[in-house]
>>> print(open('input-v1.cif').read())   # mmCIF, C-alpha atoms and all ligand atoms
data_final
loop_
_atom_site.label_atom_id
_atom_site.label_comp_id
_atom_site.auth_asym_id
_atom_site.auth_seq_id
_atom_site.Cartn_x
_atom_site.Cartn_y
_atom_site.Cartn_z
CA MET A 1 72.75 87.21 -0.82
CA ILE A 2 76.17 86.04 -2.03
CA MET A 3 76.36 86.47 -5.83
CA LYS A 4 77.81 84.13 -8.43
CA ILE A 5 81.03 85.63 -9.67
CA ASN A 6 83.95 84.40 -11.75
CA ARG A 7 86.62 84.90 -9.08
CA ASP A 8 89.49 84.04 -11.43
CA ARG A 9 88.81 87.14 -13.48
CA LEU A 10 88.86 89.39 -10.42
CA HIS A 11 91.93 87.79 -8.89
CA SER A 12 95.21 89.71 -9.06
CA GLN A 13 98.65 89.91 -7.51
CA LEU A 14 99.71 93.31 -6.31
CA LEU A 15 103.16 93.69 -4.78
CA GLY A 16 102.96 90.04 -3.82
CA LEU A 17 99.56 90.53 -2.18
CA ASP A 18 97.10 87.89 -3.25
CA LEU A 19 93.91 89.87 -4.01
CA ARG A 20 90.85 87.74 -4.78
CA SER A 21 89.09 91.01 -5.68
CA PRO A 22 90.37 94.51 -6.47
CA CYS A 23 88.11 95.88 -3.67
CA ILE A 24 89.90 96.47 -0.37
CA VAL A 25 88.14 97.74 2.76
CA ALA A 26 89.92 100.96 3.76
CA SER A 27 91.35 101.59 7.21
CA SER A 28 88.52 102.84 9.41
CA VAL A 29 85.92 101.80 11.93
CA LEU A 30 85.15 98.99 9.45
CA THR A 31 88.49 97.31 10.04
CA GLY A 32 89.01 97.87 13.77
CA ASP A 33 87.57 94.59 15.06
CA MET A 34 87.10 91.00 13.91
CA GLU A 35 83.32 91.20 13.71
CA ARG A 36 83.47 93.68 10.86
CA ILE A 37 86.59 92.16 9.30
CA ARG A 38 84.72 88.84 9.02
CA LEU A 39 81.96 90.68 7.14
CA ALA A 40 84.54 92.06 4.73
CA GLU A 41 85.68 88.49 4.06
CA ARG A 42 82.13 87.19 3.72
CA PHE A 43 81.20 89.81 1.14
CA GLY A 44 84.22 89.20 -1.05
CA ALA A 45 86.75 91.92 -0.21
CA GLY A 46 90.21 91.23 -1.60
CA GLY A 47 91.83 92.71 1.45
CA ILE A 48 91.55 95.02 4.40
CA SER A 49 93.63 97.84 5.71
CA THR A 50 93.37 97.56 9.48
CA LYS A 51 92.40 100.50 11.64
CA MET A 52 95.24 102.91 12.31
CA ALA A 53 97.84 101.71 14.84
CA MET A 54 99.47 104.31 17.08
CA PRO A 55 102.50 104.00 19.37
CA THR A 56 100.87 105.43 22.48
CA THR A 57 97.40 105.69 23.93
CA PRO A 58 95.33 107.18 21.11
CA PRO A 59 93.51 110.49 21.55
CA LYS A 60 89.90 110.30 22.61
CA SER A 61 87.59 109.65 19.73
CA GLN A 62 84.49 107.91 18.50
CA PRO A 63 82.99 107.40 15.07
CA ASP A 64 80.54 110.25 14.97
CA ILE A 65 79.15 109.99 11.47
CA ILE A 66 77.33 112.94 9.93
CA LEU A 67 76.00 112.44 6.43
CA ARG A 68 76.04 115.56 4.31
CA PRO A 69 72.86 116.22 2.28
CA LYS A 70 71.91 113.46 -0.14
CA ARG A 71 74.38 111.20 1.68
CA SER A 72 77.10 112.75 -0.40
CA GLY A 73 79.81 112.34 2.18
CA ILE A 74 80.69 111.92 5.79
CA VAL A 75 82.23 114.47 8.04
CA SER A 76 83.56 112.49 10.93
CA PRO A 77 85.96 113.50 13.66
CA GLY A 78 87.44 110.02 13.65
CA ASP A 79 86.89 106.71 15.32
CA LYS A 80 88.84 104.81 17.91
CA ARG A 81 92.47 104.28 16.96
CA LEU A 82 94.35 101.17 18.03
CA ILE A 83 97.30 101.17 20.37
CA ILE A 84 100.06 99.10 18.72
CA ASP A 85 99.61 95.95 20.86
CA ASP A 86 95.90 95.79 20.02
CA ALA A 87 96.63 96.44 16.34
CA CYS A 88 99.10 93.53 16.32
CA SER A 89 96.55 91.18 17.92
CA LEU A 90 94.00 92.24 15.30
CA VAL A 91 96.42 91.67 12.42
CA LYS A 92 97.32 88.24 13.83
CA GLN A 93 93.68 87.25 14.15
CA ALA A 94 92.73 88.61 10.71
CA LYS A 95 95.58 86.63 9.17
CA SER A 96 94.64 83.39 10.89
CA GLU A 97 90.86 83.64 10.46
CA THR A 98 90.50 85.09 6.96
CA SER A 99 92.06 84.60 3.56
CA MET A 100 92.17 88.28 2.67
CA ALA A 101 95.33 90.33 2.22
CA VAL A 102 95.95 92.17 5.49
CA ILE A 103 97.51 95.60 5.17
CA ALA A 104 98.37 97.31 8.47
CA ASN A 105 97.76 101.05 8.68
CA LEU A 106 99.98 102.96 11.12
CA LEU A 107 100.67 106.50 12.24
CA ALA A 108 103.25 108.26 14.40
CA PRO A 109 104.71 111.78 14.57
CA ALA A 110 107.01 112.62 11.65
CA GLU A 111 109.97 113.23 13.92
CA ASP A 112 109.59 110.04 15.93
CA LEU A 113 111.16 107.66 13.44
CA GLU A 114 111.81 105.11 16.19
CA ALA A 115 108.09 104.88 16.85
CA TRP A 116 107.41 104.31 13.13
CA GLN A 117 110.09 101.61 13.06
CA MET A 118 108.97 99.94 16.27
CA MET A 119 105.39 99.68 15.00
CA ALA A 120 106.46 98.54 11.54
CA VAL A 121 108.53 95.70 13.01
CA GLU A 122 105.75 94.65 15.40
CA LEU A 123 103.07 94.67 12.69
CA ARG A 124 105.35 92.71 10.37
CA ARG A 125 105.96 90.19 13.17
CA ALA A 126 102.19 89.93 13.71
CA GLY A 127 101.87 88.79 10.10
CA ALA A 128 100.86 91.92 8.14
CA ASP A 129 101.21 91.37 4.38
CA ALA A 130 102.03 95.04 3.82
CA LEU A 131 102.18 98.33 5.70
CA GLU A 132 100.20 101.46 4.89
CA LEU A 133 101.86 104.57 6.29
CA ASP A 134 99.11 106.96 7.30
CA ILE A 135 100.95 110.19 6.67
CA SER A 136 97.73 111.90 5.64
CA CYS A 137 95.23 111.59 8.51
CA PRO A 138 93.24 114.86 8.40
CA HIS A 139 92.43 115.22 12.09
CA ILE A 140 95.25 114.09 14.34
CA PRO A 141 95.79 116.16 16.64
CA LYS A 142 95.27 119.85 16.03
CA ASP A 143 95.17 122.64 18.52
CA VAL A 144 92.30 125.11 18.77
CA ASP A 145 93.77 127.36 16.10
CA TYR A 146 93.52 124.39 13.78
CA VAL A 147 97.27 124.47 13.40
CA PRO A 148 99.00 121.13 13.85
CA SER A 149 100.59 121.03 17.27
CA ILE A 150 103.14 118.48 16.06
CA PRO A 151 103.97 117.30 12.52
CA ILE A 152 101.73 114.28 12.23
CA GLY A 153 98.96 113.09 9.94
CA THR A 154 98.23 115.26 6.89
CA CYS A 155 101.13 117.54 7.65
CA VAL A 156 103.62 114.74 6.98
CA ALA A 157 102.41 114.02 3.43
CA GLN A 158 102.30 117.75 2.74
CA PHE A 159 106.09 117.92 2.97
CA PRO A 160 108.35 115.94 0.63
CA ASP A 161 111.22 115.80 3.16
CA ALA A 162 109.07 114.39 5.95
CA THR A 163 107.42 111.94 3.56
CA GLU A 164 110.75 110.65 2.32
CA ARG A 165 112.26 110.45 5.82
CA VAL A 166 109.41 108.45 7.31
CA THR A 167 109.20 106.12 4.30
CA ARG A 168 112.94 105.44 4.30
CA ALA A 169 112.98 104.78 8.05
CA VAL A 170 110.20 102.20 7.79
CA LYS A 171 111.62 100.58 4.66
CA SER A 172 114.95 100.08 6.40
CA VAL A 173 113.44 97.77 9.05
CA VAL A 174 110.90 95.62 7.18
CA ASP A 175 110.94 93.32 4.16
CA ILE A 176 107.22 93.58 3.33
CA PRO A 177 105.73 96.11 0.88
CA VAL A 178 105.38 99.63 2.25
CA LEU A 179 102.60 101.83 0.87
CA CYS A 180 102.36 105.58 1.54
CA LYS A 181 98.81 106.88 1.98
CA LEU A 182 98.61 110.40 0.58
CA THR A 183 96.32 113.40 0.76
CA ALA A 184 95.01 115.53 -2.10
CA GLN A 185 95.51 118.62 0.06
CA VAL A 186 98.92 119.46 -1.37
CA THR A 187 100.14 121.95 -3.92
CA ASP A 188 101.89 119.39 -6.09
CA ILE A 189 101.07 115.70 -5.67
CA ALA A 190 103.80 114.75 -8.15
CA GLU A 191 106.44 116.16 -5.80
CA ILE A 192 105.08 114.07 -2.90
CA ALA A 193 104.91 110.95 -5.08
CA ARG A 194 108.56 111.42 -6.02
CA ALA A 195 109.42 111.73 -2.32
CA CYS A 196 107.70 108.39 -1.67
CA GLU A 197 109.72 106.84 -4.48
CA ARG A 198 112.99 108.28 -3.17
CA GLY A 199 112.17 106.95 0.30
CA GLY A 200 111.80 103.47 -1.18
CA ALA A 201 108.00 103.08 -1.08
CA ASP A 202 106.67 100.04 -2.92
CA GLY A 203 103.32 101.64 -3.68
CA ILE A 204 100.95 104.48 -2.95
CA VAL A 205 97.38 104.68 -1.65
CA ALA A 206 95.50 107.80 -2.74
CA ILE A 207 93.62 109.48 -1.16
CA ASN A 208 92.72 109.94 2.49
CA GLY A 209 89.71 112.02 3.56
CA LEU A 210 89.96 115.78 3.14
CA ARG A 211 90.11 118.12 6.08
CA ALA A 212 86.75 119.82 6.07
CA ALA A 213 84.37 121.80 8.24
CA PRO A 214 81.71 119.71 9.97
CA PRO A 215 78.03 120.54 9.60
CA ILE A 216 76.72 122.99 12.21
CA ASP A 217 73.35 123.76 13.67
CA ILE A 218 72.53 127.13 12.10
CA TRP A 219 69.43 127.48 14.30
CA ASN A 220 71.50 127.13 17.44
CA GLY A 221 74.29 129.67 17.09
CA GLY A 222 76.53 127.42 14.99
CA ARG A 223 76.88 124.78 17.69
CA PRO A 224 78.00 121.28 16.59
CA LYS A 225 75.46 119.16 14.85
CA TYR A 226 77.28 116.05 16.03
CA SER A 227 74.76 114.27 18.14
CA THR A 228 77.30 113.02 20.63
CA MET A 229 79.56 116.03 20.98
CA GLU A 230 79.21 119.30 22.80
CA ARG A 231 82.22 120.92 21.13
CA HIS A 232 83.97 119.80 18.02
CA ASN A 233 87.23 119.84 16.14
CA LEU A 234 87.37 120.17 12.38
CA GLY A 235 86.54 116.91 10.66
CA THR A 236 87.06 114.85 7.53
CA LEU A 237 85.08 114.78 4.33
CA THR A 238 84.91 111.37 2.74
CA GLY A 239 82.69 109.58 0.24
CA THR A 240 81.20 110.73 -3.07
CA PRO A 241 82.65 114.28 -3.12
CA LEU A 242 86.15 112.79 -3.14
CA PHE A 243 85.73 110.62 -6.20
CA SER A 244 86.78 112.93 -9.04
CA ILE A 245 89.59 114.39 -6.94
CA ALA A 246 90.88 110.92 -6.08
CA CYS A 247 90.85 109.88 -9.77
CA ARG A 248 92.82 112.99 -10.68
CA VAL A 249 95.38 112.31 -7.95
CA VAL A 250 95.72 108.66 -9.00
CA ALA A 251 96.30 109.74 -12.61
CA GLU A 252 98.92 112.32 -11.67
CA ILE A 253 100.81 109.86 -9.48
CA VAL A 254 100.76 107.10 -12.08
CA ARG A 255 102.08 109.49 -14.70
CA THR A 256 104.86 110.66 -12.37
CA VAL A 257 106.32 107.61 -10.68
CA ASN A 258 106.68 103.98 -11.49
CA LEU A 259 104.81 102.69 -8.45
CA PRO A 260 101.48 100.84 -8.26
CA VAL A 261 98.67 102.94 -6.83
CA ILE A 262 95.63 101.80 -4.86
CA GLY A 263 92.87 104.35 -5.48
CA CYS A 264 90.62 105.43 -2.63
CA GLY A 265 87.89 108.03 -2.25
CA GLY A 266 84.20 107.98 -3.04
CA VAL A 267 83.93 104.61 -4.76
CA SER A 268 80.40 103.29 -4.29
CA THR A 269 79.53 101.52 -7.56
CA TRP A 270 81.27 99.06 -9.87
CA GLN A 271 81.35 101.72 -12.57
CA GLU A 272 83.27 104.04 -10.25
CA ALA A 273 85.67 101.24 -9.32
CA VAL A 274 86.35 100.58 -13.02
CA GLU A 275 86.69 104.31 -13.69
CA MET A 276 89.26 104.75 -10.92
CA MET A 277 91.17 101.76 -12.24
CA MET A 278 91.08 103.19 -15.76
CA TRP A 279 92.70 106.30 -14.28
CA GLY A 280 95.54 104.04 -13.19
CA ALA A 281 94.60 102.43 -9.87
CA SER A 282 95.60 98.77 -9.64
CA ALA A 283 92.94 98.21 -6.97
CA VAL A 284 90.52 100.36 -4.96
CA GLU A 285 89.94 100.91 -1.27
CA MET A 286 86.45 101.75 -0.02
CA CYS A 287 85.04 103.00 3.25
CA THR A 288 82.14 105.46 3.26
CA SER A 289 79.91 103.58 0.82
CA ILE A 290 80.21 100.51 3.07
CA ILE A 291 79.54 102.52 6.23
CA VAL A 292 76.35 103.84 4.67
CA ASN A 293 75.16 100.92 2.55
CA GLY A 294 76.66 97.82 4.17
CA PHE A 295 79.36 95.31 3.20
CA GLU A 296 77.03 94.02 0.47
CA VAL A 297 78.33 96.92 -1.65
CA VAL A 298 81.62 95.05 -2.02
CA GLU A 299 79.95 91.98 -3.48
CA LYS A 300 77.81 94.12 -5.80
CA ILE A 301 80.93 95.86 -7.06
CA ASN A 302 82.68 92.52 -7.56
CA ALA A 303 79.71 91.24 -9.57
CA GLY A 304 79.54 94.45 -11.64
CA ILE A 305 83.24 94.40 -12.49
CA ASP A 306 83.07 90.69 -13.34
CA ASN A 307 80.11 91.19 -15.73
CA PHE A 308 81.79 94.19 -17.29
CA MET A 309 85.00 92.24 -17.87
CA ALA A 310 83.09 89.32 -19.38
CA GLU A 311 81.24 91.65 -21.74
CA LYS A 312 84.37 93.51 -22.78
CA GLY A 313 86.49 90.38 -23.07
CA TYR A 314 89.01 91.42 -20.42
CA SER A 315 90.67 88.45 -18.78
CA THR A 316 92.42 90.35 -15.97
CA THR A 317 91.91 93.75 -14.39
CA SER A 318 95.30 94.85 -15.70
CA ASP A 319 93.74 94.74 -19.20
CA PHE A 320 91.98 98.04 -18.42
CA VAL A 321 94.03 99.61 -15.60
CA GLY A 322 95.27 103.00 -16.86
CA ALA A 323 93.19 102.93 -20.06
CA ALA A 324 91.96 106.51 -19.57
CA LEU A 325 95.50 107.87 -19.47
CA ASP A 326 95.87 107.24 -23.21
CA HIS A 327 93.28 109.94 -23.81
CA VAL A 328 94.81 112.67 -21.65
CA VAL A 329 96.76 115.40 -23.43
CA SER A 330 97.86 118.91 -22.51
CA ILE A 331 95.25 121.63 -22.95
CA ASP A 332 97.07 122.87 -26.08
CA ALA A 333 96.53 119.52 -27.74
CA VAL A 334 92.82 119.17 -26.90
CA THR A 335 90.53 119.12 -29.94
CA PHE A 336 86.79 119.73 -29.95
CA ARG A 337 83.84 118.31 -31.80
CA LYS A 338 81.17 120.53 -33.35
CA PHE A 339 77.63 119.21 -33.36
CA ASP A 340 74.03 120.00 -34.21
CA LEU A 341 71.24 119.14 -31.81
CA SER A 342 67.66 118.11 -32.46
CA VAL A 343 64.83 116.98 -30.23
CA ASP A 344 63.15 113.66 -30.86
CA ARG A 345 59.53 114.69 -30.32
CA SER A 346 58.39 111.10 -30.05
CA ILE A 347 60.45 110.80 -26.83
CA CYS A 348 60.22 114.32 -25.40
CA ASN A 349 57.47 114.71 -22.79
CA MET A 350 57.83 118.50 -22.47
CA CYS A 351 59.14 118.34 -18.93
CA ARG A 352 61.07 121.54 -19.77
CA LEU A 353 64.15 120.59 -17.75
CA CYS A 354 66.35 121.47 -20.71
CA LEU A 355 65.19 125.10 -20.44
CA THR A 356 66.82 125.40 -17.00
CA PRO A 357 70.61 125.58 -17.58
CA GLY A 358 71.88 129.13 -17.08
CA ILE A 359 74.64 128.53 -19.61
CA CYS A 360 72.12 128.27 -22.44
CA VAL A 361 70.25 130.84 -24.55
CA ALA A 362 69.68 128.49 -27.48
CA ILE A 363 66.65 126.54 -26.26
CA THR A 364 63.08 127.83 -26.22
CA ALA A 365 59.70 126.15 -25.99
CA SER A 366 56.39 126.53 -27.75
CA ASP A 367 53.26 124.96 -26.31
CA ASP A 368 54.14 121.54 -27.65
CA ALA A 369 57.75 121.58 -28.81
CA ILE A 370 61.30 122.29 -27.68
CA ILE A 371 63.21 124.37 -30.21
CA ILE A 372 67.00 124.45 -30.35
CA ASP A 373 68.72 127.25 -32.26
CA ASN A 374 71.98 125.57 -33.27
CA ASP A 375 73.46 128.93 -34.34
CA ARG A 376 73.27 130.13 -30.73
CA CYS A 377 74.41 126.83 -29.25
CA LEU A 378 77.77 126.79 -27.43
CA ASP A 379 78.14 123.02 -27.92
CA CYS A 380 78.50 122.65 -24.16
CA GLY A 381 76.42 119.46 -24.01
CA THR A 382 74.59 120.39 -20.79
CA CYS A 383 71.07 119.93 -22.17
CA VAL A 384 71.89 116.47 -23.50
CA GLN A 385 72.90 115.38 -20.02
CA VAL A 386 70.03 117.16 -18.27
CA CYS A 387 67.30 115.57 -20.39
CA PRO A 388 65.95 112.63 -18.40
CA ARG A 389 64.49 110.96 -21.51
CA HIS A 390 67.56 111.21 -23.75
CA ALA A 391 65.37 113.06 -26.25
CA ILE A 392 68.06 115.51 -27.38
CA LYS A 393 70.05 113.95 -30.19
CA ILE A 394 73.57 114.88 -31.25
CA GLU A 395 74.79 114.86 -34.81
CA TYR A 396 78.49 115.56 -35.11
CA SER A 397 79.25 117.85 -38.01
CA ASP A 398 82.98 118.23 -37.59
CA VAL A 399 85.78 116.51 -35.70
CA GLY A 400 89.02 118.06 -34.50
CA VAL A 401 87.83 121.67 -34.49
CA GLU A 402 90.40 124.24 -33.33
CA ARG A 403 88.92 126.97 -31.12
C1 LIG B 501 85.13 106.83 10.25
C2 LIG B 501 86.38 106.85 9.42
C3 LIG B 501 87.59 106.43 9.98
C4 LIG B 501 88.77 106.43 9.23
N1 LIG B 501 89.94 106.00 9.79
C5 LIG B 501 91.09 105.97 9.06
C6 LIG B 501 92.31 105.47 9.60
O1 LIG B 501 92.36 105.03 10.75
N2 LIG B 501 93.42 105.47 8.81
C7 LIG B 501 93.39 105.94 7.52
O2 LIG B 501 94.43 105.93 6.84
N3 LIG B 501 92.24 106.38 6.97
C8 LIG B 501 91.10 106.42 7.71
N4 LIG B 501 89.92 106.86 7.14
C9 LIG B 501 89.94 107.29 5.73
C10 LIG B 501 89.53 106.14 4.81
O3 LIG B 501 90.41 105.04 4.92
C11 LIG B 501 89.50 106.61 3.35
O4 LIG B 501 90.80 107.00 2.97
C12 LIG B 501 88.56 107.79 3.13
O5 LIG B 501 87.39 107.62 3.89
C13 LIG B 501 88.18 107.95 1.65
O6 LIG B 501 87.56 106.81 1.15
P1 LIG B 501 85.93 106.68 1.02
O7 LIG B 501 85.47 107.88 0.27
O8 LIG B 501 85.69 105.38 0.35
O9 LIG B 501 85.41 106.71 2.43
C14 LIG B 501 88.73 106.87 7.88
C15 LIG B 501 87.51 107.27 7.32
C16 LIG B 501 86.35 107.27 8.06
C17 LIG B 501 85.06 107.72 7.43
S1 LIG B 502 74.62 122.26 -25.91
FE1 LIG B 502 74.63 123.87 -24.31
S2 LIG B 502 74.34 125.78 -25.41
FE2 LIG B 502 73.79 124.13 -26.83
S3 LIG B 502 71.61 123.92 -26.64
FE3 LIG B 502 72.50 122.47 -25.18
S4 LIG B 502 72.71 123.58 -23.23
FE4 LIG B 502 72.30 125.07 -24.86
S1 LIG B 503 64.48 117.82 -21.01
FE1 LIG B 503 64.20 116.34 -22.65
S2 LIG B 503 62.15 115.51 -22.33
FE2 LIG B 503 62.30 117.38 -21.09
S3 LIG B 503 61.49 118.97 -22.46
FE3 LIG B 503 63.68 118.95 -22.77
S4 LIG B 503 64.00 117.57 -24.50
FE4 LIG B 503 61.94 117.22 -23.75
#
>>> encode(input="input-v1.cif", output="structure tokens", more="lines below")
Ligand SMILES: Cc1cc2nc3c(=O)[nH]c(=O)nc-3n(C[C@H](O)[C@H](O)[C@H](O)COP(=O)(O)O)c2cc1C
Ligand code: SF4
Ligand code: SF4
Amino acid sequence: MIMKINRDRLHSQLLGLDLRSPCIVASSVLTGDMERIRLAERFGAGGISTKMAMPTTPPKSQPDIILRPKRSGIVSPGDKRLIIDDACSLVKQAKSETSMAVIANLLAPAEDLEAWQMMAVELRRAGADALELDISCPHIPKDVDYVPSIPIGTCVAQFPDATERVTRAVKSVVDIPVLCKLTAQVTDIAEIARACERGGADGIVAINGLRAAPPIDIWNGGRPKYSTMERHNLGTLTGTPLFSIACRVVAEIVRTVNLPVIGCGGVSTWQEAVEMMMWGASAVEMCTSIIVNGFEVVEKINAGIDNFMAEKGYSTTSDFVGAALDHVVSIDAVTFRKFDLSVDRSICNMCRLCLTPGICVAITASDDAIIIDNDRCLDCGTCVQVCPRHAIKIEYSDVGVER
């Protein structure tokens, strides 16, 4: 079902890209052919980042999707990459058949600047609105020792020099916005963000999937669990587990450089989209939640953000982008709030879940009541969040306590 949404509120301009929604479908199996790209359009995506283009015949691959428990994330060895000619045809078709912003994702070895430039020019000629340099792909190609055989993928964005060099080379041959897609698997994301800025990047996308061990069959000698593989490479963790990391990375980049950031990683609800934008993302890219739950997720997120904005009186998304940054201070400047807790017995159903947290020695139970000893309470707040009935009430006794 297509929902009724005030599109004007969701509409924004980002680096000249006309985004009818802040939700962009991230480069992946979801953006590798027109059938899926049309679904992105139908369910209200503001844009797509097309499946990774490569200069030569891509390595063998297929989208082998393994959901971690509780569908928390995907470990996937990667889907079919596009050779540059096919990527250009796809970009051309997406531009002529949809009204979404079309960002072209591309990848080449760090040292082969000519390949980066050749692809950038071709994708620009095909009509791409912007380029997304995939300098952070977690599984291209590694040898059996899991050491990169050539500097490509993640091991470009892990080095400021390589990041800057590739960015500058691409920027020198195109006149459309160039976005660097970064990984969280670095020691200092600020240093990488500065390298992007020095190289002339117009914006940053953060983050790519994280290099992670795939699930294995523990009953079968640790053999791959991938249904379609006999032997595996290391894979990529995406989805929910990335969310808090991605928000942190977005915040650190926004506080370091003066470049717009598109957040990416684990967004599956409108609240998460808003949260990531409050950490500084001008828009969000999404992949895993759509793989698992369908393109309808995009429309649900659009509707949720629209309702939220109406309720809060925001007229554009920029009214709340970065709002959370105002509340971040160094650890020395953090202040705490002291509180007393009580249990509302008219709500409590004695489920006893609040007795579980190992951090707590302040809560006990009689036959028919939960008793909280505020003198032994650490003010950690765990029980309040654990209680499914919101029966534990907080009364703040002091604000700005130094500890
Ligand atoms: C099956 C699959 C294929 C992907 N292919 C690409 C790709 O070609 N280029 C790229 O930059 N990122 C690729 N990604 C990473 C996503 O674009 C995204 O950065 C990552 O999945 C985190 O977002 P999510 O948690 O919303 O999935 C892929 C992810 C998945 C799951
Ligand atoms: S706030 Fe923490 S320490 Fe205090 S009662 Fe709740 S769980 Fe126990
Ligand atoms: S978790 Fe909440 S509802 Fe359950 S016993 Fe504790 S206070 Fe009562």
>>> residues_near_ligand(input="input-v1.cif", ligand="ligand LIG 503 (chain B)", cutoff="6 Å", atoms="all atoms listed in the file", output="PDB file with C-alpha atoms, in the frame of the given file")
ATOM      1  CA  VAL A 343      64.830 116.980 -30.230  1.00  0.00           C
ATOM      2  CA  CYS A 348      60.220 114.320 -25.400  1.00  0.00           C
ATOM      3  CA  ASN A 349      57.470 114.710 -22.790  1.00  0.00           C
ATOM      4  CA  MET A 350      57.830 118.500 -22.470  1.00  0.00           C
ATOM      5  CA  CYS A 351      59.140 118.340 -18.930  1.00  0.00           C
ATOM      6  CA  ARG A 352      61.070 121.540 -19.770  1.00  0.00           C
ATOM      7  CA  LEU A 353      64.150 120.590 -17.750  1.00  0.00           C
ATOM      8  CA  CYS A 354      66.350 121.470 -20.710  1.00  0.00           C
ATOM      9  CA  CYS A 387      67.300 115.570 -20.390  1.00  0.00           C
ATOM     10  CA  PRO A 388      65.950 112.630 -18.400  1.00  0.00           C
ATOM     11  CA  ARG A 389      64.490 110.960 -21.510  1.00  0.00           C
ATOM     12  CA  ALA A 391      65.370 113.060 -26.250  1.00  0.00           C
ATOM     13  CA  ILE A 392      68.060 115.510 -27.380  1.00  0.00           C
TER      14      ILE A 392
END
>>> closest_residue(input="input-v1.cif", among="A:Met276, A:Ala362, A:Ile48, A:Ala53", to="Ile24 (chain A)", atoms="all atoms listed in the file")
A:Ile48
>>> residues_near_point(input="input-v1.cif", point="(89.3, 108.7, 3.3)", cutoff="8 Å", atoms="only C-alpha atoms", output="PyMOL selection string")
chain A and resi 26+207-210+236-239+264-265+287-288
>>> residues_around(input="input-v1.cif", residues="Thr98 (chain A)", least_positions_apart="2", cutoff="10 Å", atoms="all atoms listed in the file", output="ChimeraX atom specification")
/A:34,37-38,40-42,47,93-96,100-102
>>> residues_around(input="input-v1.cif", residues="Thr154 (chain A)", least_positions_apart="2", cutoff="7 Å", atoms="only C-alpha atoms", output="PyMOL selection string")
chain A and resi 135-138+152+156-158+183
>>> residues_near_ligand(input="input-v1.cif", ligand="ligand LIG 502 (chain B)", cutoff="10 Å", atoms="all atoms listed in the file", output="ChimeraX atom specification")
/A:339-342,354-364,371-387,392,394
>>> write_last_selection(input="input-v1.cif", atoms="C-alpha atoms", output="PDB file, keeping the file's coordinate frame")
ATOM      1  CA  PHE A 339      77.630 119.210 -33.360  1.00  0.00           C
ATOM      2  CA  ASP A 340      74.030 120.000 -34.210  1.00  0.00           C
ATOM      3  CA  LEU A 341      71.240 119.140 -31.810  1.00  0.00           C
ATOM      4  CA  SER A 342      67.660 118.110 -32.460  1.00  0.00           C
ATOM      5  CA  CYS A 354      66.350 121.470 -20.710  1.00  0.00           C
ATOM      6  CA  LEU A 355      65.190 125.100 -20.440  1.00  0.00           C
ATOM      7  CA  THR A 356      66.820 125.400 -17.000  1.00  0.00           C
ATOM      8  CA  PRO A 357      70.610 125.580 -17.580  1.00  0.00           C
ATOM      9  CA  GLY A 358      71.880 129.130 -17.080  1.00  0.00           C
ATOM     10  CA  ILE A 359      74.640 128.530 -19.610  1.00  0.00           C
ATOM     11  CA  CYS A 360      72.120 128.270 -22.440  1.00  0.00           C
ATOM     12  CA  VAL A 361      70.250 130.840 -24.550  1.00  0.00           C
ATOM     13  CA  ALA A 362      69.680 128.490 -27.480  1.00  0.00           C
ATOM     14  CA  ILE A 363      66.650 126.540 -26.260  1.00  0.00           C
ATOM     15  CA  THR A 364      63.080 127.830 -26.220  1.00  0.00           C
ATOM     16  CA  ILE A 371      63.210 124.370 -30.210  1.00  0.00           C
ATOM     17  CA  ILE A 372      67.000 124.450 -30.350  1.00  0.00           C
ATOM     18  CA  ASP A 373      68.720 127.250 -32.260  1.00  0.00           C
ATOM     19  CA  ASN A 374      71.980 125.570 -33.270  1.00  0.00           C
ATOM     20  CA  ASP A 375      73.460 128.930 -34.340  1.00  0.00           C
ATOM     21  CA  ARG A 376      73.270 130.130 -30.730  1.00  0.00           C
ATOM     22  CA  CYS A 377      74.410 126.830 -29.250  1.00  0.00           C
ATOM     23  CA  LEU A 378      77.770 126.790 -27.430  1.00  0.00           C
ATOM     24  CA  ASP A 379      78.140 123.020 -27.920  1.00  0.00           C
ATOM     25  CA  CYS A 380      78.500 122.650 -24.160  1.00  0.00           C
ATOM     26  CA  GLY A 381      76.420 119.460 -24.010  1.00  0.00           C
ATOM     27  CA  THR A 382      74.590 120.390 -20.790  1.00  0.00           C
ATOM     28  CA  CYS A 383      71.070 119.930 -22.170  1.00  0.00           C
ATOM     29  CA  VAL A 384      71.890 116.470 -23.500  1.00  0.00           C
ATOM     30  CA  GLN A 385      72.900 115.380 -20.020  1.00  0.00           C
ATOM     31  CA  VAL A 386      70.030 117.160 -18.270  1.00  0.00           C
ATOM     32  CA  CYS A 387      67.300 115.570 -20.390  1.00  0.00           C
ATOM     33  CA  ILE A 392      68.060 115.510 -27.380  1.00  0.00           C
ATOM     34  CA  ILE A 394      73.570 114.880 -31.250  1.00  0.00           C
TER      35      ILE A 394
END
>>> residues_around(input="input-v1.cif", residues="region 211-223 of chain A", least_positions_apart="6", cutoff="8 Å", atoms="all atoms listed in the file", output="JSON list (two decimals) with C-alpha atoms, in the coordinates of the input")
[["chain", "number", "residue", "atom", "x", "y", "z"],
["A", 66, "ILE", "CA", 77.33, 112.94, 9.93],
["A", 68, "ARG", "CA", 76.04, 115.56, 4.31],
["A", 75, "VAL", "CA", 82.23, 114.47, 8.04],
["A", 76, "SER", "CA", 83.56, 112.49, 10.93],
["A", 138, "PRO", "CA", 93.24, 114.86, 8.40],
["A", 139, "HIS", "CA", 92.43, 115.22, 12.09],
["A", 230, "GLU", "CA", 79.21, 119.30, 22.80],
["A", 231, "ARG", "CA", 82.22, 120.92, 21.13],
["A", 234, "LEU", "CA", 87.37, 120.17, 12.38],
["A", 235, "GLY", "CA", 86.54, 116.91, 10.66],
["A", 236, "THR", "CA", 87.06, 114.85, 7.53],
["A", 237, "LEU", "CA", 85.08, 114.78, 4.33]]
